[in-house]
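Colleague: What follows is data11.csv, CSV, C-alpha atoms (C1' of nucleotides).
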```csv
chain,number,residue,atom,x,y,z
M,169,MET,CA,6.7,-25.6,-16.7
M,170,LYS,CA,3.7,-23.7,-18.0
M,171,ILE,CA,2.4,-20.5,-16.4
M,172,GLY,CA,-0.4,-22.3,-14.6
M,173,GLU,CA,2.0,-24.7,-12.9
M,174,LEU,CA,4.4,-21.8,-12.0
M,175,ALA,CA,1.4,-19.9,-10.6
M,176,LYS,CA,0.6,-22.9,-8.4
M,177,ARG,CA,4.2,-23.3,-7.2
M,178,SER,CA,5.0,-19.7,-6.7
M,179,GLY,CA,1.8,-18.5,-5.1
M,180,LEU,CA,1.4,-15.7,-7.7
M,181,THR,CA,-1.5,-15.7,-10.1
M,182,ALA,CA,-0.8,-16.2,-13.8
M,183,HIS,CA,-2.1,-12.7,-14.3
M,184,THR,CA,0.5,-11.4,-11.8
M,185,ILE,CA,3.3,-13.4,-13.5
M,186,ARG,CA,2.5,-11.9,-16.8
M,187,TYR,CA,2.3,-8.5,-15.2
M,188,TYR,CA,5.7,-8.9,-13.6
M,189,GLU,CA,7.1,-10.0,-17.0
M,190,ARG,CA,5.6,-7.0,-18.6
M,191,ILE,CA,7.2,-4.5,-16.2
M,192,GLY,CA,10.5,-6.3,-16.2
M,193,LEU,CA,10.5,-7.9,-12.8
M,194,LEU,CA,10.6,-11.3,-14.4
M,195,PRO,CA,12.7,-12.0,-17.5
M,196,TYR,CA,10.9,-12.4,-20.8
M,197,ALA,CA,10.1,-16.1,-20.8
M,198,ASP,CA,10.8,-18.4,-23.7
M,199,ARG,CA,7.7,-19.5,-25.5
M,200,ASP,CA,7.0,-22.9,-27.0
M,201,ARG,CA,5.9,-23.2,-30.6
M,202,SER,CA,2.4,-22.1,-29.7
M,203,SER,CA,3.8,-19.0,-28.0
M,204,ARG,CA,3.1,-20.2,-24.5
M,205,ARG,CA,5.6,-19.3,-21.7
M,206,ASP,CA,7.7,-22.2,-20.7
M,207,TYR,CA,9.6,-21.8,-17.4
M,208,ASP,CA,12.6,-23.4,-15.9
M,209,ALA,CA,12.2,-24.3,-12.3
M,210,SER,CA,15.1,-21.9,-11.4
M,211,ILE,CA,12.7,-19.0,-11.9
M,212,LEU,CA,11.1,-20.0,-8.6
M,213,VAL,CA,14.2,-19.0,-6.7
M,214,TRP,CA,14.0,-15.5,-8.1
M,215,ILE,CA,10.3,-15.2,-7.5
M,216,GLU,CA,10.8,-16.3,-3.9
M,217,PHE,CA,13.4,-13.6,-3.5
M,218,LEU,CA,11.2,-11.0,-5.0
M,219,GLY,CA,8.6,-12.2,-2.4
M,220,ARG,CA,11.0,-11.4,0.4
M,221,LEU,CA,11.7,-8.0,-1.0
M,222,LYS,CA,7.9,-7.4,-1.3
M,223,THR,CA,7.2,-8.7,2.2
M,224,THR,CA,9.8,-6.3,3.6
M,225,GLY,CA,8.1,-3.4,1.8
M,226,MET,CA,10.4,-2.8,-1.1
M,227,PRO,CA,8.6,-0.9,-3.8
M,228,ILE,CA,8.5,-2.4,-7.2
M,229,ARG,CA,10.6,0.3,-8.7
M,230,ASP,CA,13.5,-0.7,-6.4
M,231,MET,CA,13.0,-4.3,-7.2
M,232,LEU,CA,13.2,-3.3,-10.9
M,233,LEU,CA,16.5,-1.5,-10.2
M,234,TYR,CA,17.9,-4.6,-8.6
M,235,ALA,CA,16.6,-6.8,-11.4
M,236,GLU,CA,18.3,-4.6,-14.0
M,237,LEU,CA,21.6,-4.7,-12.1
M,238,ARG,CA,21.3,-8.5,-12.0
M,239,ASP,CA,20.6,-8.6,-15.7
M,240,ARG,CA,23.6,-6.5,-16.4
M,241,GLY,CA,25.6,-9.2,-14.6
M,242,SER,CA,29.1,-8.9,-13.3
M,243,GLY,CA,30.4,-5.6,-12.4
M,244,THR,CA,27.2,-4.6,-10.7
M,245,GLU,CA,27.7,-6.6,-7.5
M,246,ALA,CA,28.8,-3.7,-5.4
M,247,GLU,CA,25.7,-1.7,-6.4
M,248,ARG,CA,23.4,-4.6,-5.8
M,249,ARG,CA,24.9,-5.2,-2.4
M,250,ALA,CA,24.6,-1.5,-1.5
M,251,LEU,CA,21.0,-1.6,-2.6
M,252,LEU,CA,20.3,-4.6,-0.4
M,253,GLU,CA,22.2,-3.1,2.5
M,254,ARG,CA,20.2,0.1,2.3
M,255,HIS,CA,17.0,-1.9,2.2
M,256,ARG,CA,18.1,-4.0,5.1
M,257,GLU,CA,18.7,-0.9,7.2
M,258,SER,CA,15.2,0.4,6.3
M,259,VAL,CA,13.7,-3.0,7.3
M,260,ARG,CA,15.6,-3.0,10.6
M,261,ALA,CA,14.3,0.5,11.3
M,262,HIS,CA,10.8,-0.5,10.5
M,263,VAL,CA,11.1,-3.6,12.8
M,264,ASP,CA,12.2,-1.3,15.6
M,265,GLU,CA,9.3,1.0,14.9
M,266,LEU,CA,6.9,-2.0,14.9
M,267,ASN,CA,8.3,-3.2,18.2
M,268,ALA,CA,7.8,0.3,19.7
M,269,CYS,CA,4.2,0.2,18.5
M,270,LEU,CA,3.7,-3.2,20.0
M,271,LEU,CA,4.7,-1.8,23.4
M,272,VAL,CA,2.1,0.9,23.0
M,273,LEU,CA,-0.5,-1.7,22.0
M,274,ASP,CA,0.4,-3.8,25.0
M,275,THR,CA,-0.2,-0.8,27.2
M,276,LYS,CA,-3.5,0.0,25.5
M,277,ILE,CA,-4.7,-3.5,25.8
M,278,GLY,CA,-3.5,-3.6,29.4
M,279,GLY,CA,-5.7,-0.6,30.0
M,280,TYR,CA,-8.8,-2.4,28.7
M,281,ALA,CA,-7.9,-5.3,30.9
M,282,GLU,CA,-8.0,-3.0,33.9
M,283,THR,CA,-11.2,-1.5,32.8
M,284,GLU,CA,-12.8,-4.9,32.5
M,285,GLN,CA,-11.4,-5.9,35.9
M,286,ARG,CA,-12.9,-2.8,37.5
M,287,MET,CA,-16.2,-3.7,35.8
M,288,LYS,CA,-16.0,-7.2,37.2
M,289,ASP,CA,-15.2,-5.9,40.7
M,290,TYR,CA,-18.1,-3.5,40.5
M,291,ASP,CA,-20.4,-6.3,39.3
M,292,ALA,CA,-19.2,-8.4,42.2
M,293,THR,CA,-20.5,-5.7,44.6
M,294,LEU,CA,-24.0,-5.9,43.2
M,295,PRO,CA,-26.7,-7.7,45.2
M,296,GLU,CA,-27.0,-11.4,44.4
M,297,ARG,CA,-28.9,-11.6,41.2
M,298,ARG,CA,-28.5,-12.8,37.6
M,299,ARG,CA,-25.9,-10.4,36.2
M,300,LYS,CA,-25.6,-9.3,32.6
M,301,PRO,CA,-22.6,-11.3,31.4
M,302,VAL,CA,-19.9,-8.8,30.5
M,303,GLY,CA,-18.0,-9.1,27.3
M,304,ALA,CA,-19.5,-12.5,26.6
M,305,ARG,CA,-20.4,-12.0,23.0
M,306,SER,CA,-17.8,-13.0,20.4
M,307,PRO,CA,-16.1,-10.0,19.1
M,308,ARG,CA,-15.8,-11.4,15.6
M,309,THR,CA,-16.8,-8.7,13.1
M,310,ARG,CA,-16.6,-8.9,9.3
Z,141,MET,CA,-6.1,25.2,17.4
Z,142,LYS,CA,-6.8,25.8,13.7
Z,143,ILE,CA,-6.2,23.1,11.1
Z,144,GLY,CA,-2.9,24.5,10.0
Z,145,GLU,CA,-1.5,24.4,13.5
Z,146,LEU,CA,-2.8,20.9,14.0
Z,147,ALA,CA,-1.2,19.9,10.7
Z,148,LYS,CA,2.1,21.2,11.9
Z,149,ARG,CA,1.8,19.4,15.3
Z,150,SER,CA,0.5,16.1,14.0
Z,151,GLY,CA,2.6,15.7,10.9
Z,152,LEU,CA,-0.5,15.3,8.8
Z,153,THR,CA,-1.4,17.7,6.1
Z,154,ALA,CA,-4.5,19.9,6.4
Z,155,HIS,CA,-5.9,18.0,3.4
Z,156,THR,CA,-5.4,14.7,5.2
Z,157,ILE,CA,-7.0,15.9,8.3
Z,158,ARG,CA,-10.1,17.0,6.4
Z,159,TYR,CA,-10.0,13.6,4.6
Z,160,TYR,CA,-9.9,11.8,7.9
Z,161,GLU,CA,-12.7,13.8,9.2
Z,162,ARG,CA,-14.7,13.1,6.1
Z,163,ILE,CA,-14.3,9.4,6.4
Z,164,GLY,CA,-14.9,9.4,10.1
Z,165,LEU,CA,-11.5,8.7,11.4
Z,166,LEU,CA,-11.4,12.0,13.2
Z,167,PRO,CA,-14.5,13.4,14.9
Z,168,TYR,CA,-16.4,16.2,13.2
Z,169,ALA,CA,-14.6,19.2,14.5
Z,170,ASP,CA,-16.3,22.1,16.1
Z,171,ARG,CA,-16.2,25.2,13.9
Z,172,ASP,CA,-15.8,28.8,14.9
Z,173,ARG,CA,-18.3,31.4,13.8
Z,174,SER,CA,-16.7,31.5,10.4
Z,175,SER,CA,-17.0,27.8,10.0
Z,176,ARG,CA,-13.3,27.0,10.6
Z,177,ARG,CA,-12.3,23.9,12.5
Z,178,ASP,CA,-11.1,24.6,16.0
Z,179,TYR,CA,-9.3,21.8,17.7
Z,180,ASP,CA,-8.6,20.9,21.2
Z,181,ALA,CA,-5.1,19.6,21.8
Z,182,SER,CA,-6.5,16.3,23.0
Z,183,ILE,CA,-7.1,15.4,19.4
Z,184,LEU,CA,-3.3,15.0,19.0
Z,185,VAL,CA,-3.4,11.9,21.3
Z,186,TRP,CA,-5.9,10.2,19.0
Z,187,ILE,CA,-4.0,11.2,15.9
Z,188,GLU,CA,-0.9,9.8,17.3
Z,189,PHE,CA,-2.6,6.5,18.1
Z,190,LEU,CA,-4.0,6.3,14.6
Z,191,GLY,CA,-0.4,6.8,13.4
Z,192,ARG,CA,0.6,3.8,15.4
Z,193,LEU,CA,-2.1,1.7,13.9
Z,194,LYS,CA,-1.1,3.0,10.5
Z,195,THR,CA,2.5,2.3,11.0
Z,196,THR,CA,1.7,-1.3,12.0
Z,197,GLY,CA,-0.3,-1.7,8.8
Z,198,MET,CA,-3.8,-1.6,10.0
Z,199,PRO,CA,-6.1,-0.7,7.1
Z,200,ILE,CA,-8.3,2.4,7.5
Z,201,ARG,CA,-11.5,0.3,7.5
Z,202,ASP,CA,-10.3,-1.4,10.7
Z,203,MET,CA,-9.3,1.9,12.3
Z,204,LEU,CA,-12.8,3.1,11.4
Z,205,LEU,CA,-14.3,0.2,13.2
Z,206,TYR,CA,-12.2,1.0,16.3
Z,207,ALA,CA,-13.2,4.6,16.0
Z,208,GLU,CA,-16.8,3.7,15.9
Z,209,LEU,CA,-16.6,1.5,18.9
Z,210,ARG,CA,-14.8,4.3,20.7
Z,211,ASP,CA,-17.6,6.7,19.8
Z,212,ARG,CA,-20.2,4.3,21.1
Z,213,GLY,CA,-18.4,4.5,24.4
Z,214,SER,CA,-18.7,2.2,27.3
Z,215,GLY,CA,-19.9,-1.3,26.6
Z,216,THR,CA,-17.6,-1.7,23.6
Z,217,GLU,CA,-14.4,-2.2,25.6
Z,218,ALA,CA,-14.2,-5.9,25.1
Z,219,GLU,CA,-14.7,-5.6,21.4
Z,220,ARG,CA,-12.1,-2.8,21.1
Z,221,ARG,CA,-9.7,-4.9,23.2
Z,222,ALA,CA,-10.3,-7.9,21.0
Z,223,LEU,CA,-9.7,-5.8,17.9
Z,224,LEU,CA,-6.4,-4.6,19.2
Z,225,GLU,CA,-5.4,-8.0,20.4
Z,226,ARG,CA,-6.0,-9.4,16.9
Z,227,HIS,CA,-4.1,-6.6,15.4
Z,228,ARG,CA,-1.2,-7.2,17.9
Z,229,GLU,CA,-1.0,-10.8,16.8
Z,230,SER,CA,-0.9,-9.9,13.1
Z,231,VAL,CA,1.8,-7.3,13.9
Z,232,ARG,CA,3.8,-9.9,15.8
Z,233,ALA,CA,3.5,-12.3,13.0
Z,234,HIS,CA,4.7,-9.7,10.6
Z,235,VAL,CA,7.7,-8.8,12.7
Z,236,ASP,CA,8.6,-12.5,12.7
Z,237,GLU,CA,8.3,-12.6,9.0
Z,238,LEU,CA,10.4,-9.5,8.6
Z,239,ASN,CA,13.1,-11.0,10.9
Z,240,ALA,CA,13.1,-14.1,8.7
Z,241,CYS,CA,13.6,-11.9,5.7
Z,242,LEU,CA,16.4,-10.1,7.4
Z,243,LEU,CA,18.2,-13.4,7.8
Z,244,VAL,CA,17.8,-14.0,4.1
Z,245,LEU,CA,19.1,-10.6,3.3
Z,246,ASP,CA,22.1,-11.1,5.5
Z,247,THR,CA,22.9,-14.3,3.7
Z,248,LYS,CA,22.5,-12.6,0.3
Z,249,ILE,CA,24.6,-9.6,1.3
Z,250,GLY,CA,27.2,-12.0,2.7
Z,251,GLY,CA,27.3,-13.7,-0.7
Z,252,TYR,CA,28.1,-10.4,-2.3
Z,253,ALA,CA,30.8,-9.8,0.2
Z,254,GLU,CA,32.4,-13.2,-0.7
Z,255,THR,CA,32.2,-12.4,-4.4
Z,256,GLU,CA,33.9,-9.1,-3.8
Z,257,GLN,CA,36.5,-10.9,-1.8
Z,258,ARG,CA,37.1,-13.4,-4.5
Z,259,MET,CA,37.4,-10.5,-7.0
Z,260,LYS,CA,39.9,-8.8,-4.7
Z,261,ASP,CA,41.9,-12.0,-4.3
Z,262,TYR,CA,41.8,-12.5,-8.1
Z,263,ASP,CA,42.9,-8.9,-8.6
Z,264,ALA,CA,45.8,-9.5,-6.2
Z,265,THR,CA,47.1,-12.3,-8.4
Z,266,LEU,CA,47.3,-9.9,-11.4
Z,267,PRO,CA,50.7,-8.6,-12.4
Z,268,GLU,CA,51.7,-5.4,-10.7
Z,269,ARG,CA,49.8,-2.7,-12.5
Z,270,ARG,CA,47.3,0.0,-11.8
Z,271,ARG,CA,44.1,-1.9,-11.2
Z,272,LYS,CA,40.6,-0.8,-11.8
Z,273,PRO,CA,39.3,0.2,-8.3
Z,274,VAL,CA,36.5,-2.2,-7.4
Z,275,GLY,CA,33.3,-0.9,-6.0
Z,276,ALA,CA,34.9,2.4,-5.3
Z,277,ARG,CA,32.0,4.6,-6.6
Z,278,SER,CA,29.4,5.7,-4.1
Z,279,PRO,CA,26.4,3.5,-4.6
Z,280,ARG,CA,23.9,6.3,-3.9
Z,281,THR,CA,21.1,6.0,-6.5
Z,282,ARG,CA,17.9,8.0,-6.7
H,8,DC,C1',-10.7,49.9,1.5
H,9,DT,C1',-8.0,46.5,-0.1
H,10,DA,C1',-5.0,42.8,-0.2
H,11,DC,C1',-3.4,38.7,1.8
H,12,DG,C1',-3.3,34.4,3.8
H,13,DA,C1',-5.6,30.9,5.9
H,14,DG,C1',-9.4,28.7,6.0
H,15,DT,C1',-13.9,26.4,3.6
H,16,DT,C1',-16.5,22.6,0.4
H,17,DC,C1',-16.8,19.5,-3.3
H,18,DG,C1',-15.1,16.6,-6.4
H,19,DA,C1',-11.5,15.1,-9.4
H,20,DG,C1',-6.9,13.0,-9.9
H,21,DC,C1',-2.9,10.2,-8.7
H,22,DG,C1',0.5,6.3,-7.7
H,23,DC,C1',0.8,1.8,-6.6
H,24,DA,C1',0.2,-3.0,-7.3
H,25,DC,C1',-2.3,-5.6,-9.1
H,26,DT,C1',-6.7,-7.9,-11.2
H,27,DC,C1',-9.8,-8.7,-14.6
H,28,DT,C1',-12.1,-8.8,-19.3
H,29,DA,C1',-12.5,-9.7,-24.1
H,30,DA,C1',-11.4,-11.9,-28.0
H,31,DG,C1',-8.6,-15.0,-29.9
H,32,DT,C1',-5.2,-19.5,-30.4
H,33,DC,C1',-4.0,-24.1,-29.8
H,34,DA,C1',-3.4,-29.1,-28.4
H,35,DA,C1',-5.2,-33.1,-26.7
H,36,DG,C1',-9.0,-36.2,-25.5
H,37,DA,C1',-14.0,-38.2,-26.3
D,177,DT,C1',-14.6,-33.7,-35.8
D,178,DC,C1',-15.8,-31.3,-31.9
D,179,DT,C1',-15.2,-29.6,-27.4
D,180,DT,C1',-12.7,-28.3,-23.5
D,181,DG,C1',-9.5,-25.7,-21.1
D,182,DA,C1',-5.3,-23.7,-20.6
D,183,DC,C1',-3.1,-20.4,-22.7
D,184,DT,C1',-2.2,-15.7,-25.5
D,185,DT,C1',-2.5,-10.3,-26.0
D,186,DA,C1',-3.9,-5.5,-25.2
D,187,DG,C1',-6.0,-2.7,-22.5
D,188,DA,C1',-9.5,-1.4,-19.0
D,189,DG,C1',-10.8,-1.5,-14.1
D,190,DT,C1',-10.1,-1.8,-8.9
D,191,DG,C1',-9.1,-0.6,-4.1
D,192,DC,C1',-6.4,2.0,-1.2
D,193,DG,C1',-4.9,6.1,0.8
D,194,DC,C1',-4.2,10.0,0.0
D,195,DT,C1',-3.4,14.6,-2.7
D,196,DC,C1',-4.7,18.3,-5.2
D,197,DG,C1',-7.4,22.0,-7.6
D,198,DA,C1',-11.1,25.3,-8.1
D,199,DA,C1',-13.9,28.6,-6.4
D,200,DC,C1',-15.2,30.7,-2.6
D,201,DT,C1',-15.3,33.1,2.4
D,202,DC,C1',-13.3,35.4,6.3
D,203,DG,C1',-10.5,38.3,9.5
D,204,DT,C1',-6.8,41.1,10.0
D,205,DA,C1',-2.7,44.2,8.7
D,206,DG,C1',-1.3,48.0,6.0
```
Once more with this new file: its structure as structure tokens, please.
Modeller:
Amino acid sequence: MKIGELAKRSGLTAHTIRYYERIGLLPYADRDRSSRRDYDASILVWIEFLGRLKTTGMPIRDMLLYAELRDRGSGTEAERRALLERHRESVRAHVDELNACLLVLDTKIGGYAETEQRMKDYDATLPERRRKPVGARSPRTR
Amino acid sequence: MKIGELAKRSGLTAHTIRYYERIGLLPYADRDRSSRRDYDASILVWIEFLGRLKTTGMPIRDMLLYAELRDRGSGTEAERRALLERHRESVRAHVDELNACLLVLDTKIGGYAETEQRMKDYDATLPERRRKPVGARSPRTR
DNA sequence: CTACGAGTTCGAGCGCACTCTAAGTCAAGA
DNA sequence: TCTTGACTTAGAGTGCGCTCGAACTCGTAG
């Protein structure tokens, strides 16, 4: 598989794949006789895992650490495991934090709902007349 | 309250507070007669809310948008609400994604546990002798 | 009076994670 | 043969969110 194909399948750009190889996140890929990278499909599994680590906020330097341990092979399992366990804890903590923030958001949004209700109630007390529609415009910005 | 005090109470640095004011995230603070910022404690509520938005991954440009709506005052509630609702959705989606990643991490970590178990089992089959302790070293790195 | 510490402004610098450009190589199809 | 397009490298540039430095001004304690 050439880099373009891998890019398509992995969701990364070819630029990013080369960048990852350069910094050591991806192994140095075998080149064909015209020095083009030729990938085995198995690399996709690794890229997908890197994606999970990235999604969960692991900085590249930690992924590099993990990748190095992996390269060193057997004998590093305990360390790799510990790394992942530490990361898992930080992700869990972050999820908890996000959930707490979601509660705050709910409250805040609820507050606006009340405000809008009060405005509607107030409008309803106005004499019969065409009323300015409230909050009718689409809020899409950007 | 002077900027140093606010920094202590908010957890931001004085540098960051000035930066936030510069870009419009914090209102232009009143200055005392020697042009020092003098804050009212109420600013803390706003900073805390900004912190929530930040924690949940809202980019500064969106916080700015919210801040501007807030400054414009009444009549912008529906838009502010919509902004927060959209953000809430993205946070929820992200939490779901994180939870999915946590499952993957659990599996991966479980895999290492099995490997280590196999290694222990294998070690146990070895002739009676002082065995190299496996995974005994503290995994603390950094 | 002087020294100190906390503040001021303006602008440069930094770390991260890409992202892109330029100039060149190569293989296959018209 | 010529063209096209996907690839190569080295290195520069980008966007974000701060973070820091330099040079200066105050108000107060000793």
Colleague: Using all atoms listed in the file, find the residues of chain D whose closest atom to chain Z is at most 12 Å away, then write them as a ChimeraX atom specification.
Modeller: /D:191-197,201-203
Colleague: Counting only C-alpha atoms, which residues from chain Z have an atom at most 7 Å from any atom of chain M, and could you show them as an mmCIF file with C-alpha atoms, in the coordinates of the input?
Modeller:
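That gives us selection.cif:
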```cif
data_model
loop_
_atom_site.group_PDB
_atom_site.id
_atom_site.type_symbol
_atom_site.label_atom_id
_atom_site.label_comp_id
_atom_site.auth_asym_id
_atom_site.auth_seq_id
_atom_site.Cartn_x
_atom_site.Cartn_y
_atom_site.Cartn_z
ATOM 1 C CA ARG Z 192 0.600 3.800 15.400
ATOM 2 C CA THR Z 196 1.700 -1.300 12.000
ATOM 3 C CA GLU Z 217 -14.400 -2.200 25.600
ATOM 4 C CA ALA Z 218 -14.200 -5.900 25.100
ATOM 5 C CA GLU Z 219 -14.700 -5.600 21.400
ATOM 6 C CA ARG Z 221 -9.700 -4.900 23.200
ATOM 7 C CA ALA Z 222 -10.300 -7.900 21.000
ATOM 8 C CA LEU Z 224 -6.400 -4.600 19.200
ATOM 9 C CA ARG Z 228 -1.200 -7.200 17.900
ATOM 10 C CA VAL Z 235 7.700 -8.800 12.700
ATOM 11 C CA LEU Z 238 10.400 -9.500 8.600
ATOM 12 C CA CYS Z 241 13.600 -11.900 5.700
ATOM 13 C CA LEU Z 242 16.400 -10.100 7.400
ATOM 14 C CA LEU Z 245 19.100 -10.600 3.300
ATOM 15 C CA ILE Z 249 24.600 -9.600 1.300
ATOM 16 C CA TYR Z 252 28.100 -10.400 -2.300
ATOM 17 C CA GLY Z 275 33.300 -0.900 -6.000
ATOM 18 C CA PRO Z 279 26.400 3.500 -4.600
#
```
Colleague: Using all atoms listed in the file, pick whichever of Z:Gly213, Z:Leu146, Z:Arg177, Z:Ala169 has the shortest atom-to-atom distance to chain H.
Modeller: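 Result for the nearest residue to chain H: Z:Arg177.
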Colleague: Go ahead and align chain M to chain Z (same sequence, so just pair every C-alpha in order, least squares) and export the moved chain as a short mmCIF file (atom, residue, chain, number, x, y, z; two decimals) with C-alpha atoms, keeping the file's coordinate frame.
Modeller:
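part.cif written:
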```
data_model
loop_
_atom_site.label_atom_id
_atom_site.label_comp_id
_atom_site.auth_asym_id
_atom_site.auth_seq_id
_atom_site.Cartn_x
_atom_site.Cartn_y
_atom_site.Cartn_z
CA MET M 169 -6.05 25.26 17.53
CA LYS M 170 -6.70 25.80 13.84
CA ILE M 171 -6.16 23.10 11.21
CA GLY M 172 -2.85 24.55 10.11
CA GLU M 173 -1.42 24.40 13.63
CA LEU M 174 -2.80 20.82 14.13
CA ALA M 175 -1.23 19.87 10.78
CA LYS M 176 2.12 21.17 12.05
CA ARG M 177 1.85 19.35 15.39
CA SER M 178 0.49 16.12 14.13
CA GLY M 179 2.59 15.65 11.03
CA LEU M 180 -0.53 15.20 8.84
CA THR M 181 -1.37 17.69 6.14
CA ALA M 182 -4.49 19.82 6.53
CA HIS M 183 -5.81 18.06 3.47
CA THR M 184 -5.30 14.68 5.21
CA ILE M 185 -7.00 15.95 8.41
CA ARG M 186 -10.01 17.00 6.51
CA TYR M 187 -9.99 13.71 4.68
CA TYR M 188 -9.85 11.75 7.90
CA GLU M 189 -12.76 13.87 9.24
CA ARG M 190 -14.70 13.16 6.15
CA ILE M 191 -14.36 9.36 6.40
CA GLY M 192 -14.94 9.35 10.11
CA LEU M 193 -11.49 8.65 11.42
CA LEU M 194 -11.47 11.97 13.17
CA PRO M 195 -14.58 13.35 14.90
CA TYR M 196 -16.43 16.18 13.22
CA ALA M 197 -14.61 19.21 14.59
CA ASP M 198 -16.35 22.21 16.07
CA ARG M 199 -16.17 25.25 13.89
CA ASP M 200 -15.76 28.84 14.99
CA ARG M 201 -18.17 31.49 13.80
CA SER M 202 -16.49 31.60 10.41
CA SER M 203 -16.89 27.83 10.08
CA ARG M 204 -13.24 27.06 10.60
CA ARG M 205 -12.29 23.86 12.52
CA ASP M 206 -11.12 24.58 15.98
CA TYR M 207 -9.31 21.70 17.74
CA ASP M 208 -8.61 20.84 21.29
CA ALA M 209 -5.12 19.67 21.90
CA SER M 210 -6.49 16.25 23.09
CA ILE M 211 -7.13 15.38 19.45
CA LEU M 212 -3.37 14.93 19.10
CA VAL M 213 -3.43 11.91 21.35
CA TRP M 214 -5.92 10.20 19.08
CA ILE M 215 -4.08 11.14 15.93
CA GLU M 216 -0.87 9.76 17.41
CA PHE M 217 -2.66 6.52 18.12
CA LEU M 218 -4.08 6.33 14.68
CA GLY M 219 -0.42 6.82 13.52
CA ARG M 220 0.62 3.73 15.42
CA LEU M 221 -2.19 1.73 13.95
CA LYS M 222 -1.18 2.99 10.44
CA THR M 223 2.51 2.30 11.02
CA THR M 224 1.67 -1.28 12.02
CA GLY M 225 -0.31 -1.72 8.80
CA MET M 226 -3.86 -1.49 10.00
CA PRO M 227 -6.14 -0.66 7.13
CA ILE M 228 -8.30 2.35 7.45
CA ARG M 229 -11.46 0.35 7.51
CA ASP M 230 -10.30 -1.35 10.74
CA MET M 231 -9.31 1.92 12.21
CA LEU M 232 -12.85 3.15 11.36
CA LEU M 233 -14.30 0.12 13.18
CA TYR M 234 -12.28 0.94 16.24
CA ALA M 235 -13.19 4.61 16.03
CA GLU M 236 -16.89 3.75 15.89
CA LEU M 237 -16.59 1.45 18.91
CA ARG M 238 -14.85 4.29 20.77
CA ASP M 239 -17.59 6.69 19.78
CA ARG M 240 -20.20 4.33 21.01
CA GLY M 241 -18.41 4.51 24.37
CA SER M 242 -18.84 2.16 27.26
CA GLY M 243 -19.95 -1.27 26.63
CA THR M 244 -17.69 -1.65 23.66
CA GLU M 245 -14.43 -2.15 25.57
CA ALA M 246 -14.31 -5.87 25.15
CA GLU M 247 -14.72 -5.53 21.36
CA ARG M 248 -12.14 -2.82 21.13
CA ARG M 249 -9.69 -4.86 23.13
CA ALA M 250 -10.32 -7.94 20.96
CA LEU M 251 -9.77 -5.81 17.91
CA LEU M 252 -6.46 -4.55 19.25
CA GLU M 253 -5.43 -8.01 20.36
CA ARG M 254 -6.10 -9.43 16.93
CA HIS M 255 -4.11 -6.62 15.37
CA ARG M 256 -1.30 -7.13 17.80
CA GLU M 257 -1.06 -10.79 16.85
CA SER M 258 -0.94 -9.84 13.14
CA VAL M 259 1.85 -7.30 13.89
CA ARG M 260 3.82 -9.88 15.88
CA ALA M 261 3.50 -12.30 12.97
CA HIS M 262 4.62 -9.72 10.53
CA VAL M 263 7.66 -8.84 12.77
CA ASP M 264 8.60 -12.51 12.76
CA GLU M 265 8.24 -12.64 9.02
CA LEU M 266 10.40 -9.48 8.69
CA ASN M 267 13.06 -10.98 10.92
CA ALA M 268 13.08 -14.17 8.77
CA CYS M 269 13.55 -11.98 5.70
CA LEU M 270 16.36 -10.12 7.34
CA LEU M 271 18.20 -13.42 7.83
CA VAL M 272 17.81 -14.13 4.15
CA LEU M 273 19.06 -10.63 3.30
CA ASP M 274 22.03 -11.11 5.58
CA THR M 275 22.87 -14.27 3.71
CA LYS M 276 22.44 -12.59 0.33
CA ILE M 277 24.58 -9.72 1.30
CA GLY M 278 27.12 -12.11 2.80
CA GLY M 279 27.27 -13.75 -0.59
CA TYR M 280 28.15 -10.47 -2.32
CA ALA M 281 30.78 -9.92 0.29
CA GLU M 282 32.36 -13.21 -0.68
CA THR M 283 32.11 -12.42 -4.28
CA GLU M 284 33.87 -9.12 -3.77
CA GLN M 285 36.53 -10.83 -1.64
CA ARG M 286 37.19 -13.37 -4.38
CA MET M 287 37.45 -10.45 -6.82
CA LYS M 288 39.94 -8.74 -4.56
CA ASP M 289 41.99 -11.94 -4.17
CA TYR M 290 42.00 -12.42 -7.91
CA ASP M 291 43.05 -8.78 -8.42
CA ALA M 292 45.82 -9.33 -5.91
CA THR M 293 47.22 -12.10 -8.17
CA LEU M 294 47.53 -9.77 -11.12
CA PRO M 295 50.97 -8.47 -12.11
CA GLU M 296 51.93 -5.21 -10.42
CA ARG M 297 50.12 -2.53 -12.28
CA ARG M 298 47.48 0.17 -11.75
CA ARG M 299 44.32 -1.86 -11.10
CA LYS M 300 40.79 -0.80 -11.91
CA PRO M 301 39.42 0.11 -8.48
CA VAL M 302 36.60 -2.31 -7.74
CA GLY M 303 33.34 -1.09 -6.41
CA ALA M 304 34.73 2.38 -5.87
CA ARG M 305 31.91 4.36 -7.34
CA SER M 306 29.14 5.48 -4.97
CA PRO M 307 26.18 3.32 -5.38
CA ARG M 308 23.74 6.15 -4.80
CA THR M 309 20.99 5.96 -7.42
CA ARG M 310 17.85 8.12 -7.63
#
```
Colleague: Using all atoms listed in the file, which residues of chain H come within 9 Å of chain M, and what is the closest atom pair for each, with the distance in Å to one decimal? Give it as a tab-separated table, sorted by chain and residue number.
Modeller:
```
residue	atom	partner	partner_atom	distance
H:DC23	C1'	M:Pro227	CA	8.7
H:DA24	C1'	M:Ile228	CA	8.3
H:DC25	C1'	M:Thr184	CA	7.0
H:DT26	C1'	M:His183	CA	7.3
H:DC27	C1'	M:His183	CA	8.7
H:DT32	C1'	M:Ser202	CA	8.1
H:DC33	C1'	M:Ser202	CA	6.7
```
Colleague: Could you tell me how far CA of Arg186 (chain M) sits from CA of Tyr207 (chain M), in Å to one decimal place?
Modeller: 12.2 Å
